[in-house]
$ cat start_6.pdb   # PDB, C-alpha atoms
MODEL        1
ATOM      1  CA  MET A   9      80.304 116.846  88.250
ATOM      2  CA  LYS A  10      80.807 120.604  87.971
ATOM      3  CA  PRO A  11      83.666 121.740  85.672
ATOM      4  CA  ARG A  12      85.447 123.677  88.444
ATOM      5  CA  TYR A  13      85.285 120.653  90.751
ATOM      6  CA  VAL A  14      86.717 118.421  88.027
ATOM      7  CA  GLN A  15      89.486 120.924  87.317
ATOM      8  CA  THR A  16      90.441 121.119  90.994
ATOM      9  CA  LEU A  17      90.349 117.333  91.351
ATOM     10  CA  ILE A  18      92.625 116.901  88.326
ATOM     11  CA  SER A  19      95.075 119.444  89.740
ATOM     12  CA  ILE A  20      95.246 117.616  93.068
ATOM     13  CA  LEU A  21      95.748 114.259  91.363
ATOM     14  CA  VAL A  22      98.511 115.624  89.126
ATOM     15  CA  VAL A  23     100.354 117.134  92.081
ATOM     16  CA  SER A  24      99.990 113.939  94.098
ATOM     17  CA  PHE A  25     101.324 111.865  91.199
ATOM     18  CA  PHE A  26     104.409 113.996  90.684
ATOM     19  CA  VAL A  27     105.200 114.251  94.382
ATOM     20  CA  CYS A  28     104.827 110.498  94.852
ATOM     21  CA  PHE A  29     106.868 109.814  91.711
ATOM     22  CA  TYR A  30     109.725 111.975  92.900
ATOM     23  CA  ALA A  31     109.587 110.574  96.424
ATOM     24  CA  LEU A  32     109.895 107.052  95.032
ATOM     25  CA  GLY A  33     112.871 108.150  92.936
ATOM     26  CA  CYS A  34     114.625 109.499  96.021
ATOM     27  CA  MET A  35     113.901 106.328  97.981
ATOM     28  CA  ALA A  36     115.392 104.251  95.182
ATOM     29  CA  GLN A  37     118.673 106.104  95.607
ATOM     30  CA  GLY A  38     118.859 105.022  99.238
ATOM     31  CA  GLU A  39     119.439 107.071 102.370
ATOM     32  CA  LEU A  40     122.119 109.736 102.392
ATOM     33  CA  SER A  41     125.296 108.461 103.984
ATOM     34  CA  ARG A  42     126.931 110.000 107.020
ATOM     35  CA  PRO A  43     130.645 109.795 106.242
ATOM     36  CA  THR A  44     133.273 111.942 107.902
ATOM     37  CA  ASN A  45     133.372 115.574 106.875
ATOM     38  CA  SER A  46     136.277 114.791 104.544
ATOM     39  CA  GLY A  47     134.175 112.514 102.320
ATOM     40  CA  MET A  48     132.842 113.805  99.034
ATOM     41  CA  GLY A  49     129.153 113.661  98.156
ATOM     42  CA  ALA A  50     125.948 114.441 100.037
ATOM     43  CA  HIS A  51     125.934 114.232 103.839
ATOM     44  CA  SER A  52     122.867 114.568 106.071
ATOM     45  CA  PHE A  53     123.038 116.234 109.496
ATOM     46  CA  THR A  54     120.550 116.731 112.320
ATOM     47  CA  LEU A  55     120.290 119.488 114.936
ATOM     48  CA  THR A  56     117.891 120.125 117.800
ATOM     49  CA  VAL A  57     116.853 123.774 117.783
ATOM     50  CA  GLY A  58     114.122 125.143 120.023
ATOM     51  CA  GLY A  59     113.086 121.605 120.942
ATOM     52  CA  LEU A  60     112.601 120.643 117.278
ATOM     53  CA  GLU A  61     114.699 118.216 115.255
ATOM     54  CA  ARG A  62     116.027 120.060 112.223
ATOM     55  CA  THR A  63     117.925 118.604 109.277
ATOM     56  CA  TYR A  64     120.152 119.789 106.464
ATOM     57  CA  ILE A  65     122.202 118.303 103.638
ATOM     58  CA  VAL A  66     125.733 119.328 102.653
ATOM     59  CA  TYR A  67     127.191 118.471  99.261
ATOM     60  CA  VAL A  68     130.984 118.234  99.494
ATOM     61  CA  PRO A  69     132.911 118.451  96.192
ATOM     62  CA  PHE A  70     135.640 116.015  95.234
ATOM     63  CA  ASN A  71     138.403 118.616  95.534
ATOM     64  CA  TYR A  72     137.372 119.741  99.035
ATOM     65  CA  ASN A  73     140.434 118.165 100.717
ATOM     66  CA  LEU A  74     142.754 119.407  97.981
ATOM     67  CA  GLN A  75     141.956 123.083  98.455
ATOM     68  CA  LYS A  76     144.479 125.226 100.282
ATOM     69  CA  GLN A  77     141.852 127.772 101.305
ATOM     70  CA  LEU A  78     138.539 127.716 103.129
ATOM     71  CA  SER A  79     135.558 126.777 100.995
ATOM     72  CA  ALA A  80     132.747 129.162 100.126
ATOM     73  CA  VAL A  81     129.237 128.127 101.191
ATOM     74  CA  VAL A  82     125.991 128.413  99.208
ATOM     75  CA  ILE A  83     122.786 127.801 101.165
ATOM     76  CA  MET A  84     119.776 126.888  99.015
ATOM     77  CA  PHE A  85     116.264 127.204 100.517
ATOM     78  CA  HIS A  86     113.687 124.958  98.847
ATOM     79  CA  GLY A  87     110.249 126.250  97.894
ATOM     80  CA  GLY A  88     107.043 125.818  99.907
ATOM     81  CA  GLY A  89     106.070 122.146  99.982
ATOM     82  CA  GLY A  90     109.503 121.161  98.687
ATOM     83  CA  THR A  91     112.430 119.456 100.374
ATOM     84  CA  ALA A  92     116.204 119.745 100.518
ATOM     85  CA  ARG A  93     116.551 116.771  98.175
ATOM     86  CA  ALA A  94     114.076 118.250  95.703
ATOM     87  CA  ALA A  95     116.036 121.518  95.665
ATOM     88  CA  MET A  96     119.232 119.643  94.850
ATOM     89  CA  TRP A  97     117.517 117.981  91.893
ATOM     90  CA  GLU A  98     115.724 121.078  90.622
ATOM     91  CA  THR A  99     118.556 123.616  90.753
ATOM     92  CA  GLY A 100     121.816 121.798  90.016
ATOM     93  CA  TRP A 101     123.627 123.444  92.920
ATOM     94  CA  ALA A 102     125.392 120.175  93.838
ATOM     95  CA  GLU A 103     126.785 119.860  90.302
ATOM     96  CA  LYS A 104     127.883 123.502  90.404
ATOM     97  CA  ALA A 105     129.569 122.925  93.759
ATOM     98  CA  GLU A 106     131.467 120.005  92.237
ATOM     99  CA  LYS A 107     132.754 122.149  89.366
ATOM    100  CA  ALA A 108     133.519 125.306  91.344
ATOM    101  CA  GLY A 109     134.709 123.712  94.591
ATOM    102  CA  PHE A 110     132.344 125.152  97.213
ATOM    103  CA  LEU A 111     130.039 123.578  99.816
ATOM    104  CA  ALA A 112     126.361 123.469  98.779
ATOM    105  CA  VAL A 113     123.958 123.371 101.730
ATOM    106  CA  PHE A 114     120.280 122.396 101.548
ATOM    107  CA  PRO A 115     118.282 122.902 104.789
ATOM    108  CA  ASN A 116     114.816 121.448 105.334
ATOM    109  CA  ALA A 117     111.885 123.563 106.515
ATOM    110  CA  MET A 118     109.478 122.156 109.092
ATOM    111  CA  SER A 119     106.155 120.621 108.117
ATOM    112  CA  ARG A 120     103.127 122.532 109.383
ATOM    113  CA  ASP A 121     102.373 119.527 111.617
ATOM    114  CA  PRO A 122     105.754 118.035 112.626
ATOM    115  CA  ALA A 123     104.026 114.995 114.144
ATOM    116  CA  GLN A 124     102.741 113.892 110.736
ATOM    117  CA  PRO A 125     104.597 112.922 107.524
ATOM    118  CA  SER A 126     105.255 115.867 105.211
ATOM    119  CA  SER A 127     103.078 116.195 102.120
ATOM    120  CA  PHE A 128     103.080 118.826  99.370
ATOM    121  CA  ALA A 129      99.291 119.246  99.498
ATOM    122  CA  ARG A 130      98.291 118.272 103.053
ATOM    123  CA  ASN A 131     101.323 118.937 105.263
ATOM    124  CA  PRO A 132     103.868 121.035 103.350
ATOM    125  CA  GLN A 133     107.320 121.986 104.570
ATOM    126  CA  LEU A 134     107.206 125.789 104.797
ATOM    127  CA  TRP A 135     109.701 128.475 105.752
ATOM    128  CA  ASN A 136     108.718 131.081 108.327
ATOM    129  CA  ASP A 137     109.606 133.876 105.918
ATOM    130  CA  GLY A 138     108.084 136.822 107.767
ATOM    131  CA  SER A 139     104.832 136.820 105.786
ATOM    132  CA  ASP A 140     102.637 135.404 108.592
ATOM    133  CA  ARG A 141     100.979 133.208 105.956
ATOM    134  CA  PHE A 142     101.418 129.733 107.317
ATOM    135  CA  TYR A 143     100.844 129.552 111.069
ATOM    136  CA  PRO A 144      97.692 131.537 111.964
ATOM    137  CA  GLY A 145      97.020 131.264 115.672
ATOM    138  CA  ARG A 146      99.972 128.926 116.143
ATOM    139  CA  LYS A 147     103.603 129.310 117.167
ATOM    140  CA  ALA A 148     105.769 129.371 114.067
ATOM    141  CA  PRO A 149     109.170 127.643 114.040
ATOM    142  CA  ASP A 150     112.142 129.954 114.565
ATOM    143  CA  ASP A 151     113.850 129.354 111.229
ATOM    144  CA  VAL A 152     116.283 132.233 111.696
ATOM    145  CA  ARG A 153     117.533 130.570 114.885
ATOM    146  CA  PHE A 154     117.799 127.264 113.006
ATOM    147  CA  ILE A 155     119.959 128.755 110.236
ATOM    148  CA  HIS A 156     122.125 130.543 112.806
ATOM    149  CA  ALA A 157     122.694 127.209 114.597
ATOM    150  CA  MET A 158     123.200 125.396 111.297
ATOM    151  CA  LEU A 159     125.979 127.821 110.334
ATOM    152  CA  ASP A 160     127.692 127.229 113.686
ATOM    153  CA  ASP A 161     127.431 123.471 113.146
ATOM    154  CA  LEU A 162     128.653 123.721 109.557
ATOM    155  CA  LEU A 163     131.702 125.814 110.479
ATOM    156  CA  ALA A 164     132.560 123.323 113.235
ATOM    157  CA  ARG A 165     132.402 120.354 110.836
ATOM    158  CA  PHE A 166     133.931 121.797 107.668
ATOM    159  CA  ALA A 167     136.708 124.142 106.555
ATOM    160  CA  ALA A 168     134.189 126.764 105.454
ATOM    161  CA  ASP A 169     134.942 130.441 104.904
ATOM    162  CA  PRO A 170     132.713 132.563 107.202
ATOM    163  CA  ARG A 171     133.238 135.580 104.910
ATOM    164  CA  ARG A 172     131.881 133.733 101.867
ATOM    165  CA  VAL A 173     128.526 132.426 103.075
ATOM    166  CA  PHE A 174     125.877 133.060 100.428
ATOM    167  CA  VAL A 175     122.123 132.450 100.453
ATOM    168  CA  THR A 176     119.690 131.717  97.640
ATOM    169  CA  GLY A 177     116.226 130.194  97.477
ATOM    170  CA  PHE A 178     113.153 129.590  95.359
ATOM    171  CA  SER A 179     109.585 130.869  95.966
ATOM    172  CA  ASN A 180     108.903 130.583  99.728
ATOM    173  CA  GLY A 181     112.631 129.809  99.991
ATOM    174  CA  ALA A 182     113.392 133.058  98.143
ATOM    175  CA  SER A 183     111.341 134.949 100.703
ATOM    176  CA  MET A 184     113.301 133.135 103.415
ATOM    177  CA  SER A 185     116.576 134.225 101.814
ATOM    178  CA  PHE A 186     115.401 137.842 102.103
ATOM    179  CA  ARG A 187     114.705 137.292 105.802
ATOM    180  CA  ILE A 188     118.004 135.540 106.501
ATOM    181  CA  GLY A 189     119.915 138.191 104.567
ATOM    182  CA  ALA A 190     118.327 140.876 106.735
ATOM    183  CA  GLU A 191     118.318 139.247 110.164
ATOM    184  CA  LEU A 192     121.708 137.537 109.820
ATOM    185  CA  SER A 193     123.344 140.237 107.724
ATOM    186  CA  LYS A 194     126.558 140.008 109.749
ATOM    187  CA  ARG A 195     126.937 136.368 108.661
ATOM    188  CA  ILE A 196     125.677 136.492 105.062
ATOM    189  CA  ALA A 197     127.839 137.934 102.281
ATOM    190  CA  ALA A 198     125.155 138.179  99.558
ATOM    191  CA  ILE A 199     121.716 136.809  98.668
ATOM    192  CA  ALA A 200     119.950 135.707  95.476
ATOM    193  CA  PRO A 201     116.179 135.215  95.809
ATOM    194  CA  VAL A 202     114.390 133.575  92.859
ATOM    195  CA  ALA A 203     110.642 134.177  92.473
ATOM    196  CA  GLY A 204     109.837 135.306  96.003
ATOM    197  CA  ALA A 205     108.885 138.422  97.990
ATOM    198  CA  CYS A 206     110.522 140.450 100.724
ATOM    199  CA  TRP A 207     107.819 140.527 103.403
ATOM    200  CA  LEU A 208     109.866 142.347 106.046
ATOM    201  CA  GLU A 209     108.432 145.695 107.129
ATOM    202  CA  PRO A 210     110.285 147.755 108.039
ATOM    203  CA  LEU A 211     113.472 146.425 106.462
ATOM    204  CA  SER A 212     116.791 147.252 108.072
ATOM    205  CA  LEU A 213     120.270 145.788 107.559
ATOM    206  CA  GLU A 214     123.140 145.883 110.042
ATOM    207  CA  ARG A 215     125.534 145.605 107.116
ATOM    208  CA  PRO A 216     124.889 146.047 103.377
ATOM    209  CA  VAL A 217     124.112 142.689 101.727
ATOM    210  CA  PRO A 218     124.275 142.700  97.890
ATOM    211  CA  MET A 219     121.325 141.052  96.156
ATOM    212  CA  TYR A 220     120.706 139.334  92.814
ATOM    213  CA  TYR A 221     117.045 138.668  92.029
ATOM    214  CA  ILE A 222     115.503 136.555  89.236
ATOM    215  CA  THR A 223     111.867 136.017  88.313
ATOM    216  CA  GLY A 224     109.817 134.869  85.331
ATOM    217  CA  MET A 225     107.599 137.270  83.421
ATOM    218  CA  ASP A 226     104.920 134.561  83.143
ATOM    219  CA  ASP A 227     105.085 133.275  86.720
ATOM    220  CA  PRO A 228     101.515 132.639  87.999
ATOM    221  CA  LEU A 229     102.663 132.255  91.623
ATOM    222  CA  ASN A 230     104.982 135.278  91.766
ATOM    223  CA  LEU A 231     103.067 137.783  89.698
ATOM    224  CA  ILE A 232     105.140 140.704  88.420
ATOM    225  CA  GLU A 233     102.392 143.163  89.360
ATOM    226  CA  GLY A 234     101.556 141.349  92.602
ATOM    227  CA  GLY A 235      98.313 139.735  93.687
ATOM    228  CA  VAL A 236      96.993 136.345  94.795
ATOM    229  CA  PRO A 237      99.207 133.497  93.534
ATOM    230  CA  LYS A 238      97.324 130.843  91.558
ATOM    231  CA  LEU A 239      98.338 127.781  89.584
ATOM    232  CA  LEU A 240      97.663 127.983  85.860
ATOM    233  CA  SER A 241      94.862 125.485  86.467
ATOM    234  CA  GLY A 242      93.169 128.183  88.574
ATOM    235  CA  GLY A 243      93.783 126.417  91.868
ATOM    236  CA  SER A 244      94.927 128.198  95.026
ATOM    237  CA  ASP A 245      94.715 127.549  98.749
ATOM    238  CA  LYS A 246      94.538 129.415 102.038
ATOM    239  CA  VAL A 247      98.020 128.307 103.046
ATOM    240  CA  ARG A 248      99.814 129.913 100.104
ATOM    241  CA  GLY A 249      97.097 132.298  98.908
ATOM    242  CA  LYS A 250      98.042 135.585 100.611
ATOM    243  CA  PRO A 251      98.377 138.378  98.012
ATOM    244  CA  LYS A 252     101.981 139.185  97.164
ATOM    245  CA  PRO A 253     103.354 142.691  96.662
ATOM    246  CA  PRO A 254     104.534 143.711  93.189
ATOM    247  CA  VAL A 255     108.003 142.300  92.529
ATOM    248  CA  ARG A 256     109.494 145.749  92.053
ATOM    249  CA  ASP A 257     108.453 146.683  95.606
ATOM    250  CA  SER A 258     110.853 144.059  96.970
ATOM    251  CA  ILE A 259     113.620 145.263  94.639
ATOM    252  CA  ARG A 260     113.228 148.891  95.642
ATOM    253  CA  LYS A 261     112.919 148.018  99.325
ATOM    254  CA  TRP A 262     116.255 146.167  99.317
ATOM    255  CA  ALA A 263     117.945 148.812  97.157
ATOM    256  CA  LYS A 264     116.813 151.522  99.582
ATOM    257  CA  ALA A 265     118.130 149.538 102.555
ATOM    258  CA  LEU A 266     121.517 149.405 100.786
ATOM    259  CA  GLY A 267     121.496 153.141 100.162
ATOM    260  CA  CYS A 268     121.216 152.709  96.385
ATOM    261  CA  PRO A 269     119.518 155.343  94.202
ATOM    262  CA  ALA A 270     115.839 154.643  93.469
ATOM    263  CA  THR A 271     116.419 154.392  89.728
ATOM    264  CA  PRO A 272     118.690 151.778  88.121
ATOM    265  CA  ALA A 273     122.204 152.833  87.209
ATOM    266  CA  SER A 274     122.044 150.673  84.095
ATOM    267  CA  THR A 275     119.598 148.536  82.136
ATOM    268  CA  SER A 276     120.462 145.929  79.531
ATOM    269  CA  GLU A 277     118.695 143.273  77.490
ATOM    270  CA  MET A 278     120.019 140.073  75.922
ATOM    271  CA  ASN A 279     117.947 137.313  74.352
ATOM    272  CA  GLY A 280     114.872 138.977  75.831
ATOM    273  CA  VAL A 281     116.252 138.814  79.382
ATOM    274  CA  CYS A 282     116.188 142.243  81.028
ATOM    275  CA  THR A 283     118.756 143.162  83.688
ATOM    276  CA  GLU A 284     118.565 146.258  85.896
ATOM    277  CA  THR A 285     121.459 147.236  88.178
ATOM    278  CA  TYR A 286     120.942 149.496  91.207
ATOM    279  CA  GLY A 287     123.853 151.091  93.013
ATOM    280  CA  PRO A 288     126.447 151.411  94.161
ATOM    281  CA  GLY A 289     125.124 151.746  97.672
ATOM    282  CA  SER A 290     126.786 151.498 101.072
ATOM    283  CA  ASN A 291     130.208 149.867 100.917
ATOM    284  CA  GLY A 292     129.761 149.402  97.146
ATOM    285  CA  ALA A 293     126.779 147.036  97.520
ATOM    286  CA  GLU A 294     124.421 146.601  94.566
ATOM    287  CA  VAL A 295     121.073 145.115  93.589
ATOM    288  CA  ILE A 296     120.595 143.296  90.285
ATOM    289  CA  TYR A 297     117.061 142.574  89.064
ATOM    290  CA  VAL A 298     116.588 140.046  86.237
ATOM    291  CA  THR A 299     113.320 139.222  84.448
ATOM    292  CA  VAL A 300     113.064 136.241  82.096
ATOM    293  CA  PRO A 301     110.394 136.251  79.360
ATOM    294  CA  GLY A 302     108.220 133.152  79.086
ATOM    295  CA  LEU A 303     109.466 131.723  82.385
ATOM    296  CA  GLY A 304     106.847 130.372  84.790
ATOM    297  CA  HIS A 305     107.270 129.364  88.423
ATOM    298  CA  THR A 306     110.394 127.277  87.850
ATOM    299  CA  TRP A 307     114.134 127.578  88.436
ATOM    300  CA  ALA A 308     115.583 129.155  85.270
ATOM    301  CA  GLY A 309     117.784 126.632  83.490
ATOM    302  CA  GLY A 310     116.816 123.935  85.970
ATOM    303  CA  LYS A 311     114.095 121.328  86.424
ATOM    304  CA  SER A 312     110.558 121.528  87.763
ATOM    305  CA  LEU A 313     108.898 119.027  90.062
ATOM    306  CA  LEU A 314     105.463 120.250  88.997
ATOM    307  CA  PRO A 315     104.060 120.038  85.444
ATOM    308  CA  GLU A 316     103.952 122.947  82.997
ATOM    309  CA  ILE A 317     100.143 122.939  82.973
ATOM    310  CA  MET A 318     100.247 124.052  86.620
ATOM    311  CA  VAL A 319     103.267 126.347  87.053
ATOM    312  CA  GLY A 320     104.130 127.502  83.551
ATOM    313  CA  LYS A 321     107.060 126.939  81.262
ATOM    314  CA  SER A 322     110.713 126.443  82.067
ATOM    315  CA  SER A 323     113.390 128.417  80.227
ATOM    316  CA  ASP A 324     117.050 128.055  79.309
ATOM    317  CA  LYS A 325     117.506 131.724  78.360
ATOM    318  CA  ILE A 326     119.655 131.933  81.479
ATOM    319  CA  LYS A 327     120.880 129.349  83.954
ATOM    320  CA  ALA A 328     120.072 130.787  87.359
ATOM    321  CA  THR A 329     122.629 128.658  89.189
ATOM    322  CA  ASP A 330     125.474 129.819  86.938
ATOM    323  CA  VAL A 331     124.691 133.546  86.973
ATOM    324  CA  ILE A 332     124.012 133.545  90.714
ATOM    325  CA  TRP A 333     127.347 131.857  91.431
ATOM    326  CA  ASP A 334     129.117 134.426  89.226
ATOM    327  CA  PHE A 335     127.476 137.164  91.320
ATOM    328  CA  PHE A 336     128.416 135.492  94.596
ATOM    329  CA  GLU A 337     132.057 135.161  93.548
ATOM    330  CA  LYS A 338     132.210 138.929  93.104
ATOM    331  CA  HIS A 339     130.676 139.725  96.497
ATOM    332  CA  PRO A 340     132.547 138.202  99.446
ATOM    333  CA  MET A 341     131.941 139.929 102.742
ATOM    334  CA  LYS A 342     134.067 143.069 103.059
TER     335      LYS A 342
ENDMDL
END

$ encode --input "start_6.pdb" --output "structure tokens"
Amino acid sequence: MKPRYVQTLISILVVSFFVCFYALGCMAQGELSRPTNSGMGAHSFTLTVGGLERTYIVYVPFNYNLQKQLSAVVIMFHGGGGTARAAMWETGWAEKAEKAGFLAVFPNAMSRDPAQPSSFARNPQLWNDGSDRFYPGRKAPDDVRFIHAMLDDLLARFAADPRRVFVTGFSNGASMSFRIGAELSKRIAAIAPVAGACWLEPLSLERPVPMYYITGMDDPLNLIEGGVPKLLSGGSDKVRGKPKPPVRDSIRKWAKALGCPATPASTSEMNGVCTETYGPGSNGAEVIYVTVPGLGHTWAGGKSLLPEIMVGKSSDKIKATDVIWDFFEKHPMK
């Protein structure tokens, strides 16, 4: 067999193995329970939006009933081909919610073919992030409408603070967090995309939404200088293969929409991690841009569903979940 064919076949087999392995692990834990909204732990909810059945998971911390104030909300968008459960495992947002006392929310994107079982390689769950990558010639799901409805449902079920609703996401989910931050800016206090692009053109915000952005310097799927995303094995596909803009384009685009100066107000470096701060902009909003050396296409300080030989190395130089939560705490809606 030809070397390239063998390489591609190995990549597909590795992905299939890891996806199946993780799916079996989730099944072993049993189905998520549906207790009352006062119960701690992970709850699963279903909505019908635009004729489609949509689902999301809420992690409720132990001290939820003991709080004398409304709980903050962090919405975490999984990456392309991922799931809400996978995002919980990869990022540690449920554990952070337990420690800090907020509600962690994990919505599920739709599969490209909702009539068939989802599959990372053949039928991935993908967010309609504004890139027009995933549904050529077909009607794309209205994910903005879904999140709008999900927030209404969440606020009806839980004592959640509508002025402290924050959004983060990874890869395709990061791009979705850009879109939600823009199109639902009156409902979102701040966003924190990790390793994704802002595809919206033109970009306009009804209210200034602060942003904290993290990416790896060695990410093969979110290239610093832009270009076609490829696994380290060399594999790519038509579904996810649209060239991405340089990362700094997304940073500058959001900073401009906030009314921040084009050049950073400050730059710092610690343990090789570079942090640029833009602002202040309108209403004191800011943009923070963080690059992590050696980090591939993984959640910094978290876990990766895919092997290093495909997406690059992980890194503990920073813990994305911790630094993002610190940023969110400082930026409730004004």

$ resolve_selection --input "start_6.pdb" --expression "the PyMOL selection byres ((chain A and resi 139) around 9)" --output "PyMOL selection string"
chain A and resi 136-138+140-142+183+205-208+250

$ closest_residue --input "start_6.pdb" --among "A:Asn73, A:Ser290, A:Ser185, A:Thr176" --to "A:Trp135" --atoms "all atoms listed in the file"
A:Ser185

$ residues_around --input "start_6.pdb" --residues "stretch 154-167 of chain A" --least-positions-apart "5" --cutoff "10 Å" --atoms "all atoms listed in the file" --output "ChimeraX atom specification"
/A:44-46,53-58,60-64,66,68,72-73,75,77-81,83,111,113,115,117,149,173,188,191-192,195

$ atom_distance --input "start_6.pdb" --atom1 "atom CA of A:Val202" --atom2 "atom CA of A:Arg172"
19.7 Å

$ atom_distance --input "start_6.pdb" --atom1 "atom CA of A:Val236" --atom2 "atom CA of A:Leu303"
18.2 Å

$ closest_residue --input "start_6.pdb" --among "A:Pro253, A:Gly109, A:Gly302, A:Pro122" --to "A:Val319" --atoms "only C-alpha atoms"
A:Gly302

$ closest_residue --input "start_6.pdb" --among "A:Leu239, A:Asp226, A:Gly100, A:Lys252" --to "A:Lys321" --atoms "all atoms listed in the file"
A:Asp226

$ resolve_selection --input "start_6.pdb" --expression "the PyMOL selection byres ((chain A and resi 310) around 6)" --output "VMD selection string"
chain A and resid 98 to 99 307 to 309 311

$ residues_around --input "start_6.pdb" --residues "A:Val82" --least-positions-apart "5" --cutoff "12 Å" --atoms "all atoms listed in the file" --output "compact mmCIF listing (two decimals) with C-alpha atoms, in the coordinates of the input"
# COMPACT_ATOMS: atom_id res chain seq x y z
CA ILE A 65 122.20 118.30 103.64
CA VAL A 66 125.73 119.33 102.65
CA TYR A 67 127.19 118.47 99.26
CA VAL A 68 130.98 118.23 99.49
CA MET A 96 119.23 119.64 94.85
CA TRP A 101 123.63 123.44 92.92
CA ALA A 102 125.39 120.18 93.84
CA LYS A 104 127.88 123.50 90.40
CA ALA A 105 129.57 122.92 93.76
CA ALA A 108 133.52 125.31 91.34
CA GLY A 109 134.71 123.71 94.59
CA PHE A 110 132.34 125.15 97.21
CA LEU A 111 130.04 123.58 99.82
CA ALA A 112 126.36 123.47 98.78
CA VAL A 113 123.96 123.37 101.73
CA PHE A 114 120.28 122.40 101.55
CA PRO A 115 118.28 122.90 104.79
CA LEU A 159 125.98 127.82 110.33
CA LEU A 162 128.65 123.72 109.56
CA ALA A 168 134.19 126.76 105.45
CA ASP A 169 134.94 130.44 104.90
CA PRO A 170 132.71 132.56 107.20
CA ARG A 171 133.24 135.58 104.91
CA ARG A 172 131.88 133.73 101.87
CA VAL A 173 128.53 132.43 103.08
CA PHE A 174 125.88 133.06 100.43
CA VAL A 175 122.12 132.45 100.45
CA THR A 176 119.69 131.72 97.64
CA GLY A 177 116.23 130.19 97.48
CA SER A 185 116.58 134.22 101.81
CA ILE A 196 125.68 136.49 105.06
CA ALA A 197 127.84 137.93 102.28
CA ALA A 198 125.16 138.18 99.56
CA ILE A 199 121.72 136.81 98.67
CA ALA A 200 119.95 135.71 95.48
CA THR A 329 122.63 128.66 89.19
CA ILE A 332 124.01 133.54 90.71
CA TRP A 333 127.35 131.86 91.43
CA PHE A 335 127.48 137.16 91.32
CA PHE A 336 128.42 135.49 94.60
CA GLU A 337 132.06 135.16 93.55
CA PRO A 340 132.55 138.20 99.45

$ atom_distance --input "start_6.pdb" --atom1 "atom CA of A:Gly242" --atom2 "atom CA of A:Thr223"
20.3 Å

$ residues_around --input "start_6.pdb" --residues "stretch 125-131 of chain A" --least-positions-apart "4" --cutoff "6 Å" --atoms "all atoms listed in the file" --output "PyMOL selection string"
chain A and resi 89+119-120

$ residues_around --input "start_6.pdb" --residues "A:Asn291" --least-positions-apart "5" --cutoff "9 Å" --atoms "all atoms listed in the file" --output "list in words"
Arg215, Pro216, Leu266 and Lys342 of chain A

$ closest_residue --input "start_6.pdb" --among "A:Thr285, A:Gln124, A:Ser322, A:Gln133" --to "A:Thr271" --atoms "only C-alpha atoms"
A:Thr285

$ closest_residue --input "start_6.pdb" --among "A:Ile326, A:Cys268, A:Ile259, A:Ala95" --to "A:Gly280" --atoms "only C-alpha atoms"
A:Ile326

$ closest_residue --input "start_6.pdb" --among "A:Glu277, A:Leu313, A:Leu213, A:Pro218" --to "A:Arg93" --atoms "only C-alpha atoms"
A:Leu313

$ axis_aligned_box --input "start_6.pdb" --around "stretch 177-186 of chain A" --padding-each-side "5 Å" --output "AutoDock Vina command-line options"
--center_x 112.7 --center_y 133.7 --center_z 99.4 --size_x 17.7 --size_y 18.3 --size_z 18.1

$ resolve_selection --input "start_6.pdb" --expression "the PyMOL selection byres ((chain A and resi 240) around 12)" --output "list of chain:residue names"
A:Gln15, A:Thr16, A:Ser19, A:Asp226, A:Asp227, A:Pro228, A:Leu229, A:Asn230, A:Leu231, A:Pro237, A:Lys238, A:Leu239, A:Ser241, A:Gly242, A:Gly243, A:Ser244, A:Gly304, A:His305, A:Leu314, A:Pro315, A:Glu316, A:Ile317, A:Met318, A:Val319, A:Gly320, A:Lys321

$ decode --input "start_6.pdb" --residues "stretch 156-164 of chain A" --atoms "N, CA and C atoms" --output "mmCIF file, in the first residue's frame"
data_model
loop_
_atom_site.group_PDB
_atom_site.id
_atom_site.type_symbol
_atom_site.label_atom_id
_atom_site.label_comp_id
_atom_site.auth_asym_id
_atom_site.auth_seq_id
_atom_site.Cartn_x
_atom_site.Cartn_y
_atom_site.Cartn_z
ATOM 1 N N HIS A 156 -30.382 30.872 22.764
ATOM 2 C CA HIS A 156 -31.339 31.848 23.305
ATOM 3 C C HIS A 156 -32.451 31.123 24.071
ATOM 4 N N ALA A 157 -32.997 30.060 23.474
ATOM 5 C CA ALA A 157 -34.050 29.274 24.127
ATOM 6 C C ALA A 157 -33.511 28.532 25.341
ATOM 7 N N MET A 158 -32.285 28.027 25.231
ATOM 8 C CA MET A 158 -31.673 27.321 26.357
ATOM 9 C C MET A 158 -31.511 28.239 27.560
ATOM 10 N N LEU A 159 -31.118 29.486 27.327
ATOM 11 C CA LEU A 159 -30.974 30.442 28.430
ATOM 12 C C LEU A 159 -32.324 30.709 29.089
ATOM 13 N N ASP A 160 -33.374 30.849 28.279
ATOM 14 C CA ASP A 160 -34.714 31.036 28.846
ATOM 15 C C ASP A 160 -35.098 29.838 29.712
ATOM 16 N N ASP A 161 -34.835 28.638 29.216
ATOM 17 C CA ASP A 161 -35.158 27.420 29.946
ATOM 18 C C ASP A 161 -34.340 27.317 31.230
ATOM 19 N N LEU A 162 -33.067 27.640 31.136
ATOM 20 C CA LEU A 162 -32.175 27.581 32.295
ATOM 21 C C LEU A 162 -32.622 28.546 33.386
ATOM 22 N N LEU A 163 -32.957 29.767 33.007
ATOM 23 C CA LEU A 163 -33.370 30.777 33.993
ATOM 24 C C LEU A 163 -34.716 30.432 34.623
ATOM 25 N N ALA A 164 -35.539 29.664 33.893
ATOM 26 C CA ALA A 164 -36.821 29.225 34.452
ATOM 27 C C ALA A 164 -36.637 28.080 35.447
#
